[in-house]
Structures are given as structure tokens and as C-alpha cells.
file protein.pdb (PDB, C-alpha atoms)
ATOM      1  CA  MET A 118       0.000   0.000   0.000
ATOM      2  CA  ALA A 119       1.365   3.417  -0.923
ATOM      3  CA  ALA A 120       2.425   5.780   1.817
ATOM      4  CA  GLY A 121      -0.112   8.355   0.608
ATOM      5  CA  GLU A 122      -2.995   5.995   1.380
ATOM      6  CA  LEU A 123      -1.688   5.582   4.920
ATOM      7  CA  GLN A 124      -1.588   9.322   5.502
ATOM      8  CA  GLY A 125      -3.803  10.224   8.416
ATOM      9  CA  HIS A 126      -3.733   6.724   9.889
ATOM     10  CA  VAL A 127      -0.056   6.484  10.838
ATOM     11  CA  ASP A 128      -0.469   7.985  14.311
ATOM     12  CA  GLY A 129      -3.349   5.669  15.174
ATOM     13  CA  MET A 130      -1.485   2.594  13.946
ATOM     14  CA  LEU A 131       1.663   3.528  15.872
ATOM     15  CA  LEU A 132      -0.426   3.932  19.023
ATOM     16  CA  ALA A 133      -2.096   0.571  18.356
ATOM     17  CA  VAL A 134       1.302  -1.139  17.990
ATOM     18  CA  LEU A 135       2.544   0.442  21.219
ATOM     19  CA  SER A 136      -0.607  -0.454  23.129
ATOM     20  CA  ASP A 137       0.769  -4.033  23.373
ATOM     21  CA  GLY A 138       3.901  -2.870  25.186
ATOM     22  CA  PRO A 139       6.866  -0.486  25.055
ATOM     23  CA  LEU A 140       9.077  -0.652  21.945
ATOM     24  CA  HIS A 141      11.892   1.365  20.379
ATOM     25  CA  GLY A 142      11.473   2.961  16.960
ATOM     26  CA  TYR A 143      13.025   0.197  14.895
ATOM     27  CA  ARG A 144      10.843  -2.451  16.536
ATOM     28  CA  VAL A 145       7.774  -0.262  16.016
ATOM     29  CA  ALA A 146       8.530  -0.178  12.271
ATOM     30  CA  GLU A 147       9.091  -3.961  12.210
ATOM     31  CA  GLU A 148       5.900  -4.641  14.123
ATOM     32  CA  LEU A 149       3.887  -2.384  11.819
ATOM     33  CA  ARG A 150       5.216  -4.275   8.815
ATOM     34  CA  ARG A 151       4.594  -7.664  10.442
ATOM     35  CA  ARG A 152       1.032  -6.862  11.480
ATOM     36  CA  SER A 153       0.145  -5.598   8.016
ATOM     37  CA  GLY A 154       1.573  -8.744   6.420
ATOM     38  CA  GLY A 155       4.134  -6.582   4.631
ATOM     39  CA  GLU A 156       1.397  -4.498   2.988
ATOM     40  CA  PHE A 157       2.350  -1.177   4.516
ATOM     41  CA  ASP A 158       5.284   0.265   2.645
ATOM     42  CA  LEU A 159       5.811   3.060   5.123
ATOM     43  CA  ALA A 160       9.089   4.961   4.993
ATOM     44  CA  GLU A 161      10.644   4.146   8.354
ATOM     45  CA  GLY A 162      11.962   7.683   8.644
ATOM     46  CA  THR A 163       8.452   9.059   8.995
ATOM     47  CA  ILE A 164       7.921   7.141  12.234
ATOM     48  CA  TYR A 165      10.207   9.257  14.400
ATOM     49  CA  PRO A 166       8.657  12.693  13.842
ATOM     50  CA  ALA A 167       5.257  11.060  14.509
ATOM     51  CA  LEU A 168       6.520   9.460  17.745
ATOM     52  CA  HIS A 169       7.992  12.774  18.896
ATOM     53  CA  ARG A 170       4.801  14.639  18.034
ATOM     54  CA  MET A 171       2.644  12.168  19.954
ATOM     55  CA  GLU A 172       4.985  12.307  22.924
ATOM     56  CA  SER A 173       4.659  16.103  22.956
ATOM     57  CA  ALA A 174       0.881  15.642  22.894
ATOM     58  CA  GLY A 175       1.090  13.385  25.970
ATOM     59  CA  LEU A 176      -0.022  10.242  24.133
ATOM     60  CA  LEU A 177       3.352   8.549  24.633
ATOM     61  CA  SER A 178       6.223   8.647  27.082
ATOM     62  CA  SER A 179       9.792   7.574  26.397
ATOM     63  CA  ARG A 180      13.049   6.746  28.113
ATOM     64  CA  TRP A 181      16.532   5.611  27.169
ATOM     65  CA  GLU A 182      17.330   1.920  27.421
ATOM     66  CA  VAL A 183      20.236  -0.202  26.289
ATOM     67  CA  VAL A 184      18.807  -2.925  24.071
ATOM     68  CA  GLY A 185      21.098  -5.359  22.240
ATOM     69  CA  GLY A 186      24.134  -3.351  23.323
ATOM     70  CA  ARG A 187      22.818  -0.165  21.705
ATOM     71  CA  ARG A 188      21.255   2.864  23.404
ATOM     72  CA  ARG A 189      17.682   3.296  22.205
ATOM     73  CA  ARG A 190      14.714   5.456  23.002
ATOM     74  CA  VAL A 191      11.874   3.185  24.108
ATOM     75  CA  TYR A 192       8.297   4.450  23.774
ATOM     76  CA  ALA A 193       5.340   3.490  25.951
ATOM     77  CA  ILE A 194       1.719   4.456  25.518
ATOM     78  CA  SER A 195       0.138   6.702  28.165
ATOM     79  CA  SER A 196      -3.403   6.482  29.520
ATOM     80  CA  SER A 197      -4.513   9.309  27.210
ATOM     81  CA  GLY A 198      -2.800   7.420  24.373
ATOM     82  CA  ARG A 199      -4.938   4.379  25.177
ATOM     83  CA  ARG A 200      -8.052   6.524  25.079
ATOM     84  CA  ALA A 201      -6.894   7.913  21.723
ATOM     85  CA  VAL A 202      -6.510   4.350  20.350
ATOM     86  CA  ILE A 203     -10.091   3.550  21.342
ATOM     87  CA  ASP A 204     -11.334   6.772  19.713
ATOM     88  CA  ARG A 205      -9.380   6.180  16.496
ATOM     89  CA  ARG A 206     -10.481   2.567  16.320
ATOM     90  CA  SER A 207     -14.146   3.546  16.485
ATOM     91  CA  THR A 208     -13.583   6.364  13.964
ATOM     92  CA  TRP A 209     -11.875   3.876  11.633
ATOM     93  CA  ARG A 210     -14.741   1.378  11.968
ATOM     94  CA  ALA A 211     -17.278   4.037  11.087
ATOM     95  CA  PHE A 212     -15.155   5.147   8.113
ATOM     96  CA  ARG A 213     -14.624   1.565   6.907
ATOM     97  CA  GLY A 214     -18.341   0.857   7.217
ATOM     98  CA  ALA A 215     -19.146   3.905   5.125
ATOM     99  CA  VAL A 216     -16.562   2.979   2.450
ATOM    100  CA  ASP A 217     -17.817  -0.631   2.376
ATOM    101  CA  ALA A 218     -21.350   0.629   1.950
ATOM    102  CA  VAL A 219     -20.304   2.848  -0.973
ATOM    103  CA  PHE A 220     -18.327   0.085  -2.688
ATOM    104  CA  GLY A 221     -21.117  -2.368  -2.039
ATOM    105  CA  ALA A 222     -23.623   0.007  -3.619
ATOM    106  CA  GLU A 223     -21.389   0.443  -6.677
ATOM    107  CA  ALA A 224     -20.945  -3.315  -7.000
ATOM    108  CA  LEU A 225     -24.714  -3.732  -6.932
ATOM    109  CA  GLU A 226     -25.085  -1.115  -9.665
ATOM    110  CA  ALA A 227     -22.365  -2.789 -11.790
ATOM    111  CA  GLY A 228     -23.958  -6.188 -11.284
TER     112      GLY A 228
ATOM    113  CA  MET B 299      41.733   5.420   4.887
ATOM    114  CA  ARG B 300      38.133   4.273   4.620
ATOM    115  CA  SER B 301      35.674   6.901   3.390
ATOM    116  CA  ALA B 302      32.641   7.724   5.543
ATOM    117  CA  GLY B 303      29.869   5.189   5.064
ATOM    118  CA  PRO B 304      26.431   6.151   3.726
ATOM    119  CA  ILE B 305      24.998   6.246   7.250
ATOM    120  CA  ASP B 306      27.669   8.699   8.427
ATOM    121  CA  VAL B 307      27.007  10.903   5.409
ATOM    122  CA  TYR B 308      23.267  10.817   6.128
ATOM    123  CA  MET B 309      23.797  11.618   9.797
ATOM    124  CA  ARG B 310      26.050  14.584   9.014
ATOM    125  CA  GLU B 311      23.469  16.041   6.665
ATOM    126  CA  LEU B 312      20.682  15.482   9.180
ATOM    127  CA  ALA B 313      22.741  17.173  11.930
ATOM    128  CA  ARG B 314      23.359  20.132   9.622
ATOM    129  CA  GLU B 315      19.670  20.574   8.783
ATOM    130  CA  LEU B 316      18.131  20.093  12.233
ATOM    131  CA  ARG B 317      16.929  23.240  13.991
ATOM    132  CA  ALA B 318      16.443  22.252  17.620
ATOM    133  CA  PRO B 319      17.999  22.738  21.057
ATOM    134  CA  ARG B 320      21.123  20.711  21.701
ATOM    135  CA  TRP B 321      19.389  18.108  23.940
ATOM    136  CA  ARG B 322      16.723  17.476  21.296
ATOM    137  CA  ARG B 323      19.215  17.325  18.421
ATOM    138  CA  ARG B 324      21.273  14.796  20.358
ATOM    139  CA  ARG B 325      18.216  12.657  21.025
ATOM    140  CA  ILE B 326      17.049  12.707  17.401
ATOM    141  CA  LEU B 327      20.505  11.887  16.061
ATOM    142  CA  LEU B 328      20.983   9.005  18.500
ATOM    143  CA  GLU B 329      17.572   7.554  17.644
ATOM    144  CA  VAL B 330      17.977   7.797  13.890
ATOM    145  CA  ARG B 331      21.517   6.419  13.985
ATOM    146  CA  ALA B 332      20.457   3.427  16.124
ATOM    147  CA  HIS B 333      17.607   2.751  13.700
ATOM    148  CA  LEU B 334      19.852   2.881  10.620
ATOM    149  CA  LEU B 335      22.477   0.634  12.239
ATOM    150  CA  ASP B 336      19.762  -1.900  13.174
ATOM    151  CA  ALA B 337      18.410  -1.839   9.633
ATOM    152  CA  ALA B 338      21.906  -2.202   8.136
ATOM    153  CA  GLU B 339      22.572  -5.208  10.374
ATOM    154  CA  ALA B 340      19.297  -6.778   9.269
ATOM    155  CA  GLU B 341      20.210  -6.191   5.607
ATOM    156  CA  ARG B 342      23.812  -7.437   5.900
ATOM    157  CA  PRO B 343      23.086 -11.127   5.141
ATOM    158  CA  HIS B 344      21.385 -10.119   1.873
ATOM    159  CA  THR B 345      24.134  -7.832   0.589
ATOM    160  CA  ALA B 346      27.712  -8.036  -0.639
ATOM    161  CA  ASP B 347      29.263  -5.564   1.795
ATOM    162  CA  ALA B 348      28.535  -3.233   4.695
ATOM    163  CA  ASP B 349      28.089  -0.163   2.491
ATOM    164  CA  ALA B 350      25.495  -1.954   0.370
ATOM    165  CA  ALA B 351      23.665  -2.977   3.559
ATOM    166  CA  ALA B 352      23.772   0.635   4.770
ATOM    167  CA  GLY B 353      22.443   1.761   1.397
ATOM    168  CA  ARG B 354      19.496  -0.615   1.714
ATOM    169  CA  ALA B 355      18.889   0.561   5.276
ATOM    170  CA  LEU B 356      18.738   4.135   4.013
ATOM    171  CA  ALA B 357      16.352   3.092   1.235
ATOM    172  CA  ARG B 358      14.064   1.540   3.862
ATOM    173  CA  PHE B 359      14.313   4.688   5.925
ATOM    174  CA  GLY B 360      12.979   6.239   2.755
ATOM    175  CA  VAL B 361      13.363   9.883   3.580
ATOM    176  CA  ALA B 362      16.208  12.207   2.607
ATOM    177  CA  ALA B 363      18.077  13.711   5.532
ATOM    178  CA  SER B 364      16.817  17.186   4.662
ATOM    179  CA  GLU B 365      13.198  15.944   4.620
ATOM    180  CA  THR B 366      13.636  14.096   7.938
ATOM    181  CA  ALA B 367      15.052  17.295   9.428
ATOM    182  CA  ARG B 368      12.170  19.307   7.962
ATOM    183  CA  GLN B 369       9.631  16.988   9.610
ATOM    184  CA  PHE B 370      11.357  17.314  12.971
ATOM    185  CA  ASN B 371      11.714  21.079  12.548
ATOM    186  CA  ARG B 372       7.994  21.287  11.837
ATOM    187  CA  GLY B 373       7.191  19.647  15.208
ATOM    188  CA  PRO B 374       6.619  21.541  18.453
ATOM    189  CA  SER B 375       8.576  24.786  18.186
ATOM    190  CA  THR B 376      11.882  25.081  19.939
ATOM    191  CA  ARG B 377      10.561  27.986  21.992
ATOM    192  CA  ARG B 378       7.576  25.920  23.121
ATOM    193  CA  LEU B 379       9.761  22.954  24.055
ATOM    194  CA  LEU B 380      12.157  25.163  25.981
ATOM    195  CA  LEU B 381       9.304  26.935  27.735
ATOM    196  CA  ARG B 382       7.776  23.613  28.718
ATOM    197  CA  ARG B 383      11.137  22.306  29.917
ATOM    198  CA  ALA B 384      11.804  25.425  31.974
ATOM    199  CA  LEU B 385       8.326  26.381  33.140
ATOM    200  CA  VAL B 386       6.920  23.027  34.225
ATOM    201  CA  PRO B 387       9.414  22.503  37.107
ATOM    202  CA  TRP B 388       9.082  26.176  38.085
ATOM    203  CA  ILE B 389       5.272  26.045  38.191
ATOM    204  CA  ALA B 390       5.410  22.771  40.126
ATOM    205  CA  ALA B 391       7.802  24.332  42.668
ATOM    206  CA  VAL B 392       5.580  27.397  43.140
ATOM    207  CA  ALA B 393       2.474  25.215  43.523
ATOM    208  CA  LEU B 394       4.149  22.953  46.108
ATOM    209  CA  THR B 395       5.438  25.939  48.074
ATOM    210  CA  SER B 396       1.958  27.502  48.079
ATOM    211  CA  ILE B 397       0.392  24.246  49.287
ATOM    212  CA  ALA B 398       3.018  23.927  52.032
ATOM    213  CA  CYS B 399       2.437  27.536  53.202
ATOM    214  CA  ALA B 400      -1.327  27.066  53.157
ATOM    215  CA  SER B 401      -1.007  23.872  55.233
ATOM    216  CA  VAL B 402       1.202  25.569  57.824
ATOM    217  CA  TRP B 403      -1.238  28.485  58.017
ATOM    218  CA  ALA B 404      -4.244  26.177  58.373
ATOM    219  CA  PHE B 405      -2.751  24.051  61.156
ATOM    220  CA  GLN B 406      -1.116  26.880  63.088
ATOM    221  CA  PRO B 407      -2.804  27.387  66.549
ATOM    222  CA  ARG B 408      -4.910  30.532  66.618
ATOM    223  CA  ALA B 409      -3.563  33.435  68.664
ATOM    224  CA  SER B 410      -6.789  33.622  70.751
ATOM    225  CA  ALA B 411      -6.357  29.985  71.813
ATOM    226  CA  THR B 412      -2.952  30.681  73.356
ATOM    227  CA  ARG B 413      -3.908  33.911  75.136
ATOM    228  CA  ALA B 414      -4.247  33.709  78.926
ATOM    229  CA  PRO B 415      -7.846  33.584  80.050
ATOM    230  CA  ARG B 416      -9.262  36.930  81.129
ATOM    231  CA  THR B 417     -10.054  37.385  84.775
ATOM    232  CA  ALA B 418     -13.596  38.083  85.855
ATOM    233  CA  HIS B 419     -12.575  41.620  86.739
ATOM    234  CA  ALA B 420     -10.946  42.272  83.401
ATOM    235  CA  ALA B 421     -13.945  40.824  81.661
ATOM    236  CA  ALA B 422     -16.232  43.204  83.563
ATOM    237  CA  VAL B 423     -14.295  46.270  82.473
ATOM    238  CA  LYS B 424     -15.589  47.708  79.286
ATOM    239  CA  PRO B 425     -12.779  49.062  77.139
ATOM    240  CA  ILE B 426     -13.275  52.694  76.286
ATOM    241  CA  ARG B 427     -11.449  54.903  73.873
ATOM    242  CA  ILE B 428     -10.365  58.177  75.393
ATOM    243  CA  GLY B 429      -7.821  60.803  74.550
ATOM    244  CA  ARG B 430      -4.274  60.467  75.841
ATOM    245  CA  ALA B 431      -4.374  63.539  78.057
ATOM    246  CA  ARG B 432      -7.572  62.428  79.780
ATOM    247  CA  GLY B 433      -6.193  58.933  80.254
ATOM    248  CA  GLU B 434      -3.076  60.251  81.962
ATOM    249  CA  ARG B 435      -5.201  62.478  84.194
ATOM    250  CA  LEU B 436      -7.360  59.547  85.216
ATOM    251  CA  ASN B 437      -4.290  57.450  85.945
ATOM    252  CA  ARG B 438      -2.914  60.129  88.222
ATOM    253  CA  THR B 439      -6.260  60.426  90.021
ATOM    254  CA  HIS B 440      -6.409  56.668  90.619
ATOM    255  CA  ALA B 441      -2.805  56.566  91.763
ATOM    256  CA  ARG B 442      -3.480  59.255  94.324
ATOM    257  CA  ALA B 443      -6.614  57.649  95.589
ATOM    258  CA  GLY B 444      -4.982  54.243  95.772
ATOM    259  CA  ALA B 445      -8.283  52.825  94.975
ATOM    260  CA  ARG B 446      -8.295  49.051  95.165
ATOM    261  CA  SER B 447     -10.827  48.860  92.473
ATOM    262  CA  ALA B 448      -8.739  50.872  90.060
ATOM    263  CA  PRO B 449      -9.183  49.504  86.607
ATOM    264  CA  PRO B 450      -6.049  48.150  84.925
ATOM    265  CA  LYS B 451      -4.066  50.611  82.850
ATOM    266  CA  ARG B 452      -4.850  48.636  79.759
ATOM    267  CA  ALA B 453      -8.477  49.598  80.038
ATOM    268  CA  LEU B 454      -7.665  53.289  80.096
ATOM    269  CA  GLY B 455      -6.995  53.627  76.481
ATOM    270  CA  ARG B 456      -3.271  52.858  76.283
TER     271      ARG B 456
END

call {"tool": "encode", "arguments": {"input": "protein.pdb", "output": "C-alpha cells"}}
result
Amino acid sequence: MAAGELQGHVDGMLLAVLSDGPLHGYRVAEELRRRSGGEFDLAEGTIYPALHRMESAGLLSSRWEVVGGRRRRVYAISSSGRRAVIDRRSTWRAFRGAVDAVFGAEALEAG
Amino acid sequence: MRSAGPIDVYMRELARELRAPRWRRRRILLEVRAHLLDAAEAERPHTADADAAAGRALARFGVAASETARQFNRGPSTRRLLLRRALVPWIAAVALTSIACASVWAFQPRASATRAPRTAHAAAVKPIRIGRARGERLNRTHARAGARSAPPKRALGR
């Protein structure tokens, strides 16, 4: 999937990945790719500004940790981040339902 | 002498383009470098040499150093970050001091509770406000008379 199609959903997906436990940036990118079955061709470099932005907004917290002999910034979701995941999930469901309805209607017309 | 690898070149460009306080620049550079080194390690088995692996890591990173810097520079403004960093501890300190002062004030014994109880005589005397000259005259009169029932000086307007 092209990066443009993911625009607007990156923050929510990063929060969803981190809601399972704290991770550093590289692992977040790996986990995003794994969960999407390799579908999301997201430039890994776009993850960090998003993580920093969400930390500034209080959705994430972070701390330094040495993982695999290398110093890394590990991100954890905050309680307001968890609330944001719930909100975005319900928004996404509503959006997906509306898109499905539109495509379904078109398919009926084509058929 | 070995030339700088692609990751070093990328990091130098990123450092040049970043507009942020030193602590934030350091954090961003450490994070990005760790990410690129992880990615290069993951790519190493699939490539001929370390530089090729670094090149693939940079391709996965997918964003030119100048664009990465632009995205970070577009984040919360430096002034805002500095204000938050400086003001939050200051506001917290002021709030804690205020709470501590308020607690001390609230639990301090009242002055009236520590005052010696008034005697029945003192309680019977009604304080009056009189001029200084008249008060001194009255005092002299009472002193001369040696009256046992002379009211205490305090009641004569001193």
C-alpha cells in the first residue's frame, strides 16, 4: 500500500502497535510491517517525527534503554494514548463501514 | 583510509539541517543512527558488503536527511519545548510551596487559643477609647486615691 494511502492513519497505527507494550522505533517499524503482512510500505523515517509529536501531545512517554548493546529510546503508551486508540479505532470502523457501503452500492449497480 | 559510510554521510546532513535545542538534536541523532544501524545489520546477510547494507537501510528509511530534518523542525517549536522544559518545574515548585504555606497556616494554633484567660474583673471592664491627656489624668487620680478597684491601665486607652 502506498504511503499516501496511509496518511492520516499512521499515528493511530503507531499507538495501536505500542498499546501491546513499550518498543523502540526500529521495533515499532518492524511490528507495523509484520502486522500488516508486509502491505504497509511506510518509509521508516516518517515514524520518528510522529513518535515525537505524539509524545509532545502526551499520548506517549519515552526513556533511554540499552537494548542489544545499543542505546535506544523506548516508547510506551500513556493512559490518554490508550483513550486515543479507542477513539481512532471507532472512527476507523465508522469510516470503513461507510466505504464498504459505498463500494457495495457500486458493486450492486455494476452487477 | 576508509571513506565515511552512507549512514555517516546521512547523519552529518541530518545534523546540519536540524533546527532544535542541543538536547533534542542529540536525542534525534541518537535515535535515527540506532535505527539505521539496526536496519543495516538486518540487511547485511542479503548484501555483498557493509556499504550496500547501509544503502538498503537508508532506502528503507525512505526519507532524505533534509526531509527528515524538515519533519522534525515542523514539530513543536523550539521555543515551546524550551518553555515547557523550563516552566513546568518552576510552576510545580511554586504550587508545592503555596500548598506547604497554606497547610502551615491552616494548622497553626490561633492566637486567641494561646492567650491567657481573662479574669472576671478584666472581663467586667468595658474598654473605652479616650484621649491620651484624659487617660493620663485619670491614671494620676487613681494613683493618688490608691483605689483598690482601680481599673487596669490597659483599660484606660493605652

call {"tool": "resolve_selection", "arguments": {"input": "protein.pdb", "expression": "the ChimeraX specification (/A :<6) & /B", "output": "VMD selection string"}}
result
chain B and resid 333 359 to 361 370

call {"tool": "write_last_selection", "arguments": {"input": "protein.pdb", "atoms": "C-alpha atoms", "output": "PDB file, keeping the file's coordinate frame"}}
result
ATOM      1  CA  HIS B 333      17.607   2.751  13.700  1.00  0.00           C
ATOM      2  CA  PHE B 359      14.313   4.688   5.925  1.00  0.00           C
ATOM      3  CA  GLY B 360      12.979   6.239   2.755  1.00  0.00           C
ATOM      4  CA  VAL B 361      13.363   9.883   3.580  1.00  0.00           C
ATOM      5  CA  PHE B 370      11.357  17.314  12.971  1.00  0.00           C
TER       6      PHE B 370
END

call {"tool": "residues_near_point", "arguments": {"input": "protein.pdb", "point": "(-0.1, -1.6, 19.3)", "cutoff": "9 Å", "atoms": "all atoms listed in the file", "output": "PyMOL selection string"}}
result
chain A and resi 129-138+145+148-149+194+202

call {"tool": "resolve_selection", "arguments": {"input": "protein.pdb", "expression": "the PyMOL selection byres ((chain B and resi 340) around 12)", "output": "count of residues only"}}
result
22

call {"tool": "atom_distance", "arguments": {"input": "protein.pdb", "atom1": "atom CA of Ser195 of chain A", "atom2": "atom CA of Pro139 of chain A"}}
result
10.3 Å

call {"tool": "atom_distance", "arguments": {"input": "protein.pdb", "atom1": "atom CA of Arg206 of chain A", "atom2": "atom CA of Glu329 of chain B"}}
result
28.5 Å

call {"tool": "resolve_selection", "arguments": {"input": "protein.pdb", "expression": "the PyMOL selection byres ((chain B and resi 302-317) around 6)", "output": "VMD selection string"}}
result
chain B and resid 301 318 363 367 371

call {"tool": "atom_distance", "arguments": {"input": "protein.pdb", "atom1": "atom CA of Arg180 of chain A", "atom2": "atom CA of Leu327 of chain B"}}
result
15.1 Å
